[in-house]
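Have a look at entry-v4.txt below; it lists compact mmCIF, C-alpha atoms and all ligand atoms.
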# COMPACT_ATOMS: atom_id res chain seq x y z
CA MET A 1 118.04 64.27 99.49
CA ALA A 2 119.00 67.72 100.78
CA SER A 3 116.86 69.32 103.49
CA ILE A 4 115.49 72.71 102.45
CA PRO A 5 115.04 75.51 104.99
CA ASP A 6 111.50 76.98 104.99
CA GLU A 7 112.57 80.49 105.97
CA VAL A 8 115.83 82.09 104.92
CA THR A 9 117.21 85.56 105.40
CA ILE A 10 120.75 86.47 104.45
CA SER A 11 122.42 89.84 104.06
CA PRO A 12 123.23 91.51 100.69
CA GLY A 13 126.95 90.98 101.42
CA GLN A 14 126.37 87.25 101.91
CA ILE A 15 124.29 87.10 98.71
CA ARG A 16 127.07 88.81 96.75
CA ARG A 17 129.72 86.46 98.14
CA MET A 18 127.49 83.47 97.46
CA PHE A 19 127.15 84.41 93.77
CA ASP A 20 130.89 85.12 93.56
CA ASP A 21 131.43 81.57 94.87
CA ILE A 22 128.99 79.74 92.60
CA ALA A 23 129.59 81.78 89.41
CA GLY A 24 131.70 79.05 87.79
CA ARG A 25 128.91 76.45 87.95
CA TYR A 26 125.93 78.78 87.77
CA ASP A 27 124.93 78.23 84.13
CA LEU A 28 125.29 74.46 84.23
CA LEU A 29 123.24 74.16 87.41
CA ASN A 30 120.55 76.50 86.16
CA THR A 31 120.04 74.22 83.19
CA LEU A 32 120.00 71.15 85.42
CA ILE A 33 117.55 72.56 87.99
CA SER A 34 115.11 74.00 85.43
CA LEU A 35 115.44 70.95 83.13
CA GLY A 36 116.68 73.33 80.47
CA LEU A 37 113.49 75.41 80.50
CA HIS A 38 114.93 78.63 81.94
CA LYS A 39 116.20 79.88 78.56
CA ARG A 40 112.73 79.59 77.05
CA TRP A 41 111.26 81.56 79.97
CA LYS A 42 113.97 84.21 79.60
CA ARG A 43 113.14 84.56 75.90
CA ALA A 44 109.49 85.10 76.91
CA ALA A 45 110.64 87.78 79.38
CA ALA A 46 112.63 89.52 76.63
CA GLN A 47 109.60 89.38 74.32
CA ARG A 48 107.35 90.84 77.02
CA ALA A 49 109.77 93.76 77.46
CA ALA A 50 108.58 94.88 74.00
CA VAL A 51 111.69 96.95 73.31
CA PRO A 52 111.45 98.68 69.93
CA PRO A 53 114.25 97.79 67.45
CA GLY A 54 117.39 99.62 68.55
CA GLY A 55 115.72 100.55 71.85
CA LEU A 56 117.61 100.35 75.13
CA ALA A 57 116.91 97.69 77.77
CA LEU A 58 118.35 97.17 81.25
CA ASP A 59 119.07 93.66 82.53
CA VAL A 60 118.91 94.04 86.32
CA CYS A 61 120.83 91.43 88.37
CA ALA A 62 122.08 90.26 85.00
CA GLY A 63 124.41 87.56 86.32
CA THR A 64 125.95 85.67 83.41
CA GLY A 65 123.75 87.48 80.91
CA ASP A 66 121.05 85.09 79.66
CA VAL A 67 118.34 87.76 79.65
CA ALA A 68 120.70 90.24 77.99
CA ALA A 69 121.38 87.63 75.27
CA ALA A 70 117.65 87.14 74.72
CA LEU A 71 117.13 90.93 74.49
CA LEU A 72 120.05 91.31 72.07
CA GLU A 73 118.54 88.55 69.89
CA ARG A 74 115.43 90.72 69.60
CA GLY A 75 117.43 93.68 68.31
CA ALA A 76 117.59 95.68 71.54
CA ARG A 77 120.66 97.43 72.89
CA VAL A 78 121.32 96.23 76.43
CA VAL A 79 123.06 97.40 79.58
CA CYS A 80 123.63 94.87 82.39
CA VAL A 81 123.90 95.65 86.09
CA ASP A 82 124.95 93.27 88.87
CA PHE A 83 126.88 93.46 92.14
CA SER A 84 128.87 90.21 91.89
CA ARG A 85 132.25 90.70 90.21
CA GLU A 86 132.56 86.99 89.43
CA MET A 87 129.12 86.77 87.77
CA ILE A 88 129.98 89.92 85.79
CA ALA A 89 133.32 88.43 84.69
CA ARG A 90 131.46 85.37 83.31
CA GLY A 91 128.78 87.52 81.70
CA ARG A 92 131.31 89.73 79.95
CA ARG A 93 132.75 86.66 78.28
CA ARG A 94 129.30 85.54 77.09
CA VAL A 95 127.36 88.61 75.95
CA ARG A 96 128.28 91.68 73.96
CA ALA A 97 126.69 94.17 76.33
CA PRO A 98 128.27 96.62 78.77
CA TYR A 99 128.20 95.57 82.42
CA VAL A 100 127.94 98.04 85.27
CA LEU A 101 128.87 97.02 88.82
CA GLY A 102 125.99 98.30 90.91
CA ASP A 103 123.15 97.66 93.31
CA ALA A 104 119.69 96.87 91.97
CA LEU A 105 118.19 98.82 94.88
CA LEU A 106 120.09 101.97 93.95
CA LEU A 107 120.39 101.74 90.18
CA PRO A 108 123.26 103.91 88.91
CA PHE A 109 121.23 105.36 86.00
CA PRO A 110 119.18 108.52 85.46
CA ASP A 111 115.36 108.58 85.38
CA ALA A 112 113.63 107.33 82.21
CA ALA A 113 116.91 106.15 80.65
CA PHE A 114 115.58 102.81 79.33
CA ASP A 115 112.71 101.51 77.20
CA ALA A 116 112.39 98.49 79.48
CA ALA A 117 113.96 96.93 82.57
CA VAL A 118 114.00 93.16 83.08
CA ILE A 119 115.01 91.09 86.10
CA ALA A 120 115.20 87.28 86.18
CA PHE A 121 115.45 84.91 89.14
CA SER A 122 116.61 87.65 91.49
CA LEU A 123 113.45 88.93 93.20
CA ARG A 124 114.16 86.32 95.86
CA ASN A 125 117.61 87.76 96.51
CA VAL A 126 116.94 91.45 97.05
CA SER A 127 116.26 92.80 100.54
CA SER A 128 113.33 95.00 99.38
CA ARG A 129 111.14 94.23 96.34
CA ALA A 130 109.32 97.53 96.92
CA LYS A 131 112.58 99.43 96.47
CA LEU A 132 113.59 97.25 93.53
CA PHE A 133 110.34 97.79 91.65
CA SER A 134 110.37 101.51 92.32
CA GLU A 135 113.96 101.74 91.05
CA MET A 136 113.11 99.71 87.93
CA ALA A 137 110.08 101.94 87.32
CA ARG A 138 112.18 105.07 87.84
CA VAL A 139 114.79 104.19 85.19
CA VAL A 140 112.17 103.20 82.58
CA ARG A 141 110.60 105.88 80.36
CA PRO A 142 106.86 106.57 80.64
CA GLY A 143 105.12 103.86 78.59
CA GLY A 144 108.12 101.52 79.10
CA VAL A 145 107.81 98.03 80.55
CA VAL A 146 109.13 96.49 83.77
CA VAL A 147 109.44 92.69 83.59
CA ALA A 148 110.28 90.20 86.34
CA LEU A 149 110.73 86.46 85.90
CA GLU A 150 110.88 84.43 89.09
CA ALA A 151 110.65 80.89 90.40
CA SER A 152 107.41 80.14 92.20
CA ARG A 153 105.35 77.26 93.62
CA PRO A 154 102.45 75.46 91.97
CA ARG A 155 99.06 76.22 93.56
CA ASN A 156 97.75 72.68 93.29
CA PRO A 157 98.51 70.91 96.65
CA VAL A 158 99.63 67.66 95.01
CA LEU A 159 101.88 69.49 92.57
CA ARG A 160 103.24 71.52 95.48
CA ILE A 161 104.39 68.34 97.23
CA ALA A 162 105.93 67.01 94.01
CA HIS A 163 107.61 70.37 93.41
CA ARG A 164 109.11 70.41 96.92
CA PHE A 165 110.37 66.88 96.43
CA TYR A 166 111.91 67.85 93.10
CA LEU A 167 113.61 70.90 94.66
CA GLY A 168 115.13 68.62 97.32
CA LEU A 169 116.52 66.30 94.65
CA ALA A 170 117.80 69.17 92.50
CA THR A 171 119.43 70.79 95.53
CA ALA A 172 121.17 67.54 96.44
CA ALA A 173 122.39 67.15 92.84
CA ALA A 174 123.56 70.76 92.71
CA GLY A 175 125.41 70.23 96.01
CA LEU A 176 127.55 67.59 94.29
CA PHE A 177 128.88 70.18 91.83
CA SER A 178 128.82 73.42 93.76
CA GLN A 179 128.31 75.00 97.18
CA ARG A 180 125.66 72.85 98.85
CA ASP A 181 124.59 75.58 101.30
CA ALA A 182 124.10 78.09 98.50
CA TYR A 183 121.69 75.77 96.72
CA ARG A 184 119.88 74.95 99.97
CA TYR A 185 119.40 78.70 100.43
CA LEU A 186 118.22 79.16 96.83
CA ALA A 187 115.70 76.31 97.12
CA GLY A 188 114.52 77.62 100.51
CA SER A 189 114.01 81.08 99.04
CA ILE A 190 111.62 79.57 96.47
CA LEU A 191 109.56 77.87 99.19
CA SER A 192 109.24 81.10 101.19
CA PHE A 193 108.55 83.35 98.17
CA PRO A 194 105.12 85.05 98.20
CA PRO A 195 102.36 84.00 95.79
CA PRO A 196 102.03 85.77 92.40
CA GLU A 197 99.14 88.03 93.46
CA GLU A 198 101.27 89.54 96.23
CA VAL A 199 104.14 90.28 93.83
CA ALA A 200 101.65 91.78 91.36
CA ARG A 201 100.29 94.01 94.15
CA GLU A 202 103.83 95.18 94.97
CA MET A 203 104.34 96.14 91.33
CA ARG A 204 101.13 98.20 91.37
CA GLU A 205 102.25 99.86 94.60
CA ALA A 206 105.46 100.86 92.81
CA GLY A 207 103.28 102.83 90.38
CA LEU A 208 103.16 100.30 87.53
CA THR A 209 99.93 99.76 85.60
CA GLU A 210 98.58 96.97 83.35
CA VAL A 211 100.26 94.47 85.66
CA GLY A 212 100.17 91.00 84.15
CA VAL A 213 101.07 87.55 85.48
CA ARG A 214 101.84 84.51 83.35
CA SER A 215 102.75 81.06 84.73
CA PHE A 216 105.13 78.52 83.24
CA ALA A 217 105.64 74.83 84.02
CA LEU A 218 102.47 74.48 86.15
CA GLY A 219 103.46 77.46 88.28
CA ALA A 220 107.16 76.62 88.84
CA ALA A 221 108.04 79.98 87.25
CA VAL A 222 106.06 83.19 86.84
CA LEU A 223 106.52 86.12 84.49
CA TYR A 224 105.33 89.49 85.87
CA SER A 225 105.07 92.66 83.85
CA GLY A 226 103.85 96.20 84.32
CA VAL A 227 103.87 99.44 82.37
CA LYS A 228 105.10 102.79 83.64
CA PRO A 229 102.20 105.18 83.12
CA PRO A 230 102.66 108.07 80.69
CA ALA A 231 103.78 111.27 82.41
CA ALA A 232 100.90 113.53 83.48
CA ASP A 233 100.75 116.77 81.44
CA GLY A 234 101.93 119.97 83.06
C1 LIG B 1 120.03 83.93 90.53
S1 LIG B 1 121.14 85.03 89.75
C2 LIG B 1 120.24 85.50 88.29
C3 LIG B 1 121.14 85.86 87.15
C4 LIG B 1 120.42 86.07 85.82
N1 LIG B 1 119.46 87.15 85.90
C5 LIG B 1 119.74 84.79 85.40
O1 LIG B 1 118.51 84.76 85.40
O2 LIG B 1 120.44 83.83 85.07
C6 LIG B 1 121.00 86.45 90.77
C7 LIG B 1 121.97 87.56 90.38
O3 LIG B 1 121.53 88.75 91.04
C8 LIG B 1 122.66 89.43 91.54
N2 LIG B 1 122.17 90.28 92.64
C9 LIG B 1 121.48 89.88 93.74
N3 LIG B 1 121.15 90.96 94.49
C10 LIG B 1 121.62 92.06 93.84
C11 LIG B 1 121.59 93.44 94.09
N4 LIG B 1 120.99 93.95 95.19
N5 LIG B 1 122.16 94.28 93.20
C12 LIG B 1 122.80 93.80 92.10
N6 LIG B 1 122.87 92.49 91.80
C13 LIG B 1 122.29 91.62 92.66
C14 LIG B 1 123.64 88.36 91.93
O4 LIG B 1 124.96 88.83 91.98
C15 LIG B 1 123.41 87.33 90.80
O5 LIG B 1 124.26 87.57 89.71
Take the structure from the file and write it as structure tokens.
Ligand SMILES: C[S@@+](CC[C@H](N)C(=O)[O-])C[C@H]1O[C@@H](n2cnc3c(N)ncnc32)[C@H](O)[C@@H]1O
Amino acid sequence: MASIPDEVTISPGQIRRMFDDIAGRYDLLNTLISLGLHKRWKRAAAQRAAVPPGGLALDVCAGTGDVAAALLERGARVVCVDFSREMIARGRRRVRAPYVLGDALLLPFPDAAFDAAVIAFSLRNVSSRAKLFSEMARVVRPGGVVVALEASRPRNPVLRIAHRFYLGLATAAAGLFSQRDAYRYLAGSILSFPPPEEVAREMREAGLTEVGVRSFALGAAVLYSGVKPPAADG
């Protein structure tokens, strides 16, 4: 079984190169590691975005485009943004949505351009969630929704041990098909990720209201959402 580091910090450049390297196997391994559940969670994220028919949604850190696909299925128009050229190349082949090469922490879009902004499985990869949430809130119109789906850890101590064991097994299996160190990092970033209430607090600090938290698979994944408050008059 692969050992998983408890604490991991790597630079944005290393993250980008890592995703360039694993892009070819990313979808297969996502399905393997989540036991096929990640698509269902992404559909729930797209539903929570509550984009009106024909409305415009942003898939932040879109990768190969699963969230964009789920948003398109719901009748939204979608723009994808990511900083890995290889992930974008894969995504462009899979989803009929424009991709923009850009940084999630400095989104290349004007204020209030989107009805909703969604990010999946990338909160762990950005160097500042505060900056990310404030950028997502900035590009969403007042009344629009910011949604974040992320891996997490069960609260129950027994389940936590089982979850850690499972991550070790999944990381070892992933290492057989792809870059072993990348998957050790990804598993480690789940173990060191803050609990849901802290992420919810960060969303509120970014100015979002009605912040909600919903757990999947006994806490192995969490869906966060918040609403950008209507603009104050005058
Ligand atoms: C784990 S993948 C998630 C992809 C997709 N959202 C999904 O759920 O399948 C993380 C993605 O975030 C991208 N990414 C990480 N940090 C980023 C940043 N600061 N700006 C833009 N993209 C970033 C990576 O290139 C990668 O495609």
Q: Provide the atom N3 of ligand LIG 1 (chain B) to atom CA of A:Ala173 distance in Å, to one decimal place.
A: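 Distance between the two atoms: 23.9 Å.
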Q: Could you tell me how far atom CA of A:Ala182 lies from atom C7 of ligand LIG 1 (chain B), in Å and to one decimal?
A: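 So the two atoms, atom CA of A:Ala182 and atom C7 of ligand LIG 1 (chain B), lie 12.7 Å apart.
Residue neighbourhood of A:Gly144, excluding near-sequence residues (fewer than 6 positions): A:Ala49, A:Ala50, A:Val51, A:Ala57, A:Ala112, A:Phe114, A:Asp115, A:Ala116, A:Ala117, A:Ala137, A:Leu208, A:Gly226, A:Val227, A:Lys228, A:Pro229, A:Pro230, at 10 Å, using all atoms listed in the file.
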Non-local contacts of A:Gly219 (8 Å; all atoms listed in the file; under 6 positions in same chain excluded) as a short mmCIF file (atom, residue, chain, number, x, y, z; two decimals) with C-alpha atoms, in the coordinates of the input:
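Writing the result to selection.cif gives the following:
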data_model
loop_
_atom_site.label_atom_id
_atom_site.label_comp_id
_atom_site.auth_asym_id
_atom_site.auth_seq_id
_atom_site.Cartn_x
_atom_site.Cartn_y
_atom_site.Cartn_z
CA SER A 152 107.41 80.14 92.20
CA ARG A 153 105.35 77.26 93.62
CA PRO A 154 102.45 75.46 91.97
CA ARG A 155 99.06 76.22 93.56
#
Q: Work out how far apart atom CA of A:Arg129 and atom C7 of ligand LIG 1 (chain B) are and give it in Å to one decimal.
A: 14.0 Å
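For the residues A:Ser215, A:Thr31, A:Thr64, A:Ser11, ranking by smallest atom-to-atom distance to ligand LIG 1 (chain B) using only C-alpha atoms and all ligand atoms places A:Thr64 first.
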Mind dumping a table of every stretch 39-111 of chain A residue within 9 Å of stretch 13-16 of chain A, with the nearest atom pair and its distance in Å to one decimal, using only C-alpha atoms, sorted by chain and rising number, as a tab-separated table?
residue	atom	partner	partner_atom	distance
A:Phe83	CA	A:Arg16	CA	6.6
A:Ser84	CA	A:Arg16	CA	5.4
A:Arg85	CA	A:Arg16	CA	8.6
**Q.** Nearest to A:Ala231, chosen from A:Pro157, A:Val213, A:Arg124, A:Arg138, with all atoms listed in the file counted in the distances
**A.**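 Going through A:Pro157, A:Val213, A:Arg124, A:Arg138 one by one, the smallest distance to A:Ala231 is for A:Arg138.
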Generate the missing atoms of stretch 27-38 of chain A up to all heavy atoms and report them as a tab-separated table (two decimals), keeping the file's coordinate frame.
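The resulting file, selection.tsv, is shown below:
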chain	number	residue	atom	x	y	z
A	27	ASP	N	125.70	78.51	85.36
A	27	ASP	CA	124.93	78.23	84.13
A	27	ASP	C	124.55	76.75	84.03
A	27	ASP	O	123.42	76.40	83.72
A	27	ASP	CB	125.71	78.67	82.89
A	27	ASP	CG	125.85	80.18	82.85
A	27	ASP	OD1	124.85	80.86	83.09
A	27	ASP	OD2	126.96	80.67	82.61
A	28	LEU	N	125.53	75.91	84.31
A	28	LEU	CA	125.29	74.46	84.23
A	28	LEU	C	124.17	74.06	85.19
A	28	LEU	O	123.23	73.33	84.82
A	28	LEU	CB	126.59	73.73	84.60
A	28	LEU	CG	126.49	72.23	84.73
A	28	LEU	CD1	126.28	71.61	83.35
A	28	LEU	CD2	127.74	71.64	85.38
A	29	LEU	N	124.22	74.57	86.41
A	29	LEU	CA	123.24	74.16	87.41
A	29	LEU	C	121.86	74.75	87.15
A	29	LEU	O	120.84	74.13	87.44
A	29	LEU	CB	123.75	74.48	88.81
A	29	LEU	CG	124.97	73.62	89.17
A	29	LEU	CD1	125.54	73.99	90.51
A	29	LEU	CD2	124.62	72.13	89.14
A	30	ASN	N	121.83	75.91	86.55
A	30	ASN	CA	120.55	76.50	86.16
A	30	ASN	C	119.83	75.59	85.17
A	30	ASN	O	118.62	75.35	85.27
A	30	ASN	CB	120.82	77.82	85.42
A	30	ASN	CG	120.27	78.98	86.16
A	30	ASN	OD1	119.64	78.82	87.19
A	30	ASN	ND2	120.50	80.16	85.65
A	31	THR	N	120.60	75.10	84.22
A	31	THR	CA	120.04	74.22	83.19
A	31	THR	C	119.56	72.92	83.84
A	31	THR	O	118.46	72.43	83.56
A	31	THR	CB	121.09	73.96	82.09
A	31	THR	OG1	121.41	75.23	81.53
A	31	THR	CG2	120.57	73.04	81.01
A	32	LEU	N	120.36	72.39	84.74
A	32	LEU	CA	120.00	71.15	85.42
A	32	LEU	C	118.72	71.33	86.24
A	32	LEU	O	117.77	70.56	86.11
A	32	LEU	CB	121.17	70.75	86.34
A	32	LEU	CG	120.98	69.50	87.17
A	32	LEU	CD1	121.50	68.30	86.38
A	32	LEU	CD2	121.74	69.60	88.49
A	33	ILE	N	118.67	72.39	87.05
A	33	ILE	CA	117.55	72.56	87.99
A	33	ILE	C	116.25	72.88	87.24
A	33	ILE	O	115.18	72.43	87.64
A	33	ILE	CB	117.90	73.66	89.03
A	33	ILE	CG1	119.00	73.14	89.95
A	33	ILE	CG2	116.68	74.05	89.86
A	33	ILE	CD1	119.63	74.18	90.83
A	34	SER	N	116.35	73.63	86.15
A	34	SER	CA	115.11	74.00	85.43
A	34	SER	C	114.81	73.02	84.30
A	34	SER	O	113.92	73.27	83.49
A	34	SER	CB	115.24	75.42	84.87
A	34	SER	OG	116.10	75.42	83.75
A	35	LEU	N	115.57	71.93	84.22
A	35	LEU	CA	115.44	70.95	83.13
A	35	LEU	C	115.56	71.64	81.77
A	35	LEU	O	114.88	71.30	80.82
A	35	LEU	CB	114.09	70.21	83.23
A	35	LEU	CG	113.86	69.44	84.54
A	35	LEU	CD1	112.42	68.92	84.62
A	35	LEU	CD2	114.85	68.29	84.68
A	36	GLY	N	116.40	72.63	81.73
A	36	GLY	CA	116.68	73.33	80.47
A	36	GLY	C	115.63	74.35	80.08
A	36	GLY	O	115.76	75.00	79.03
A	37	LEU	N	114.60	74.53	80.91
A	37	LEU	CA	113.49	75.41	80.50
A	37	LEU	C	113.77	76.90	80.72
A	37	LEU	O	113.10	77.75	80.14
A	37	LEU	CB	112.22	75.03	81.28
A	37	LEU	CG	111.64	73.66	80.92
A	37	LEU	CD1	110.54	73.29	81.91
A	37	LEU	CD2	111.08	73.69	79.51
A	38	HIS	N	114.77	77.22	81.56
A	38	HIS	CA	114.93	78.63	81.94
A	38	HIS	C	115.22	79.53	80.75
A	38	HIS	O	114.79	80.68	80.72
A	38	HIS	CB	116.02	78.77	83.02
A	38	HIS	CG	117.41	78.52	82.54
A	38	HIS	ND1	118.35	79.50	82.42
A	38	HIS	CD2	118.01	77.38	82.12
A	38	HIS	CE1	119.48	78.97	81.98
A	38	HIS	NE2	119.29	77.69	81.79
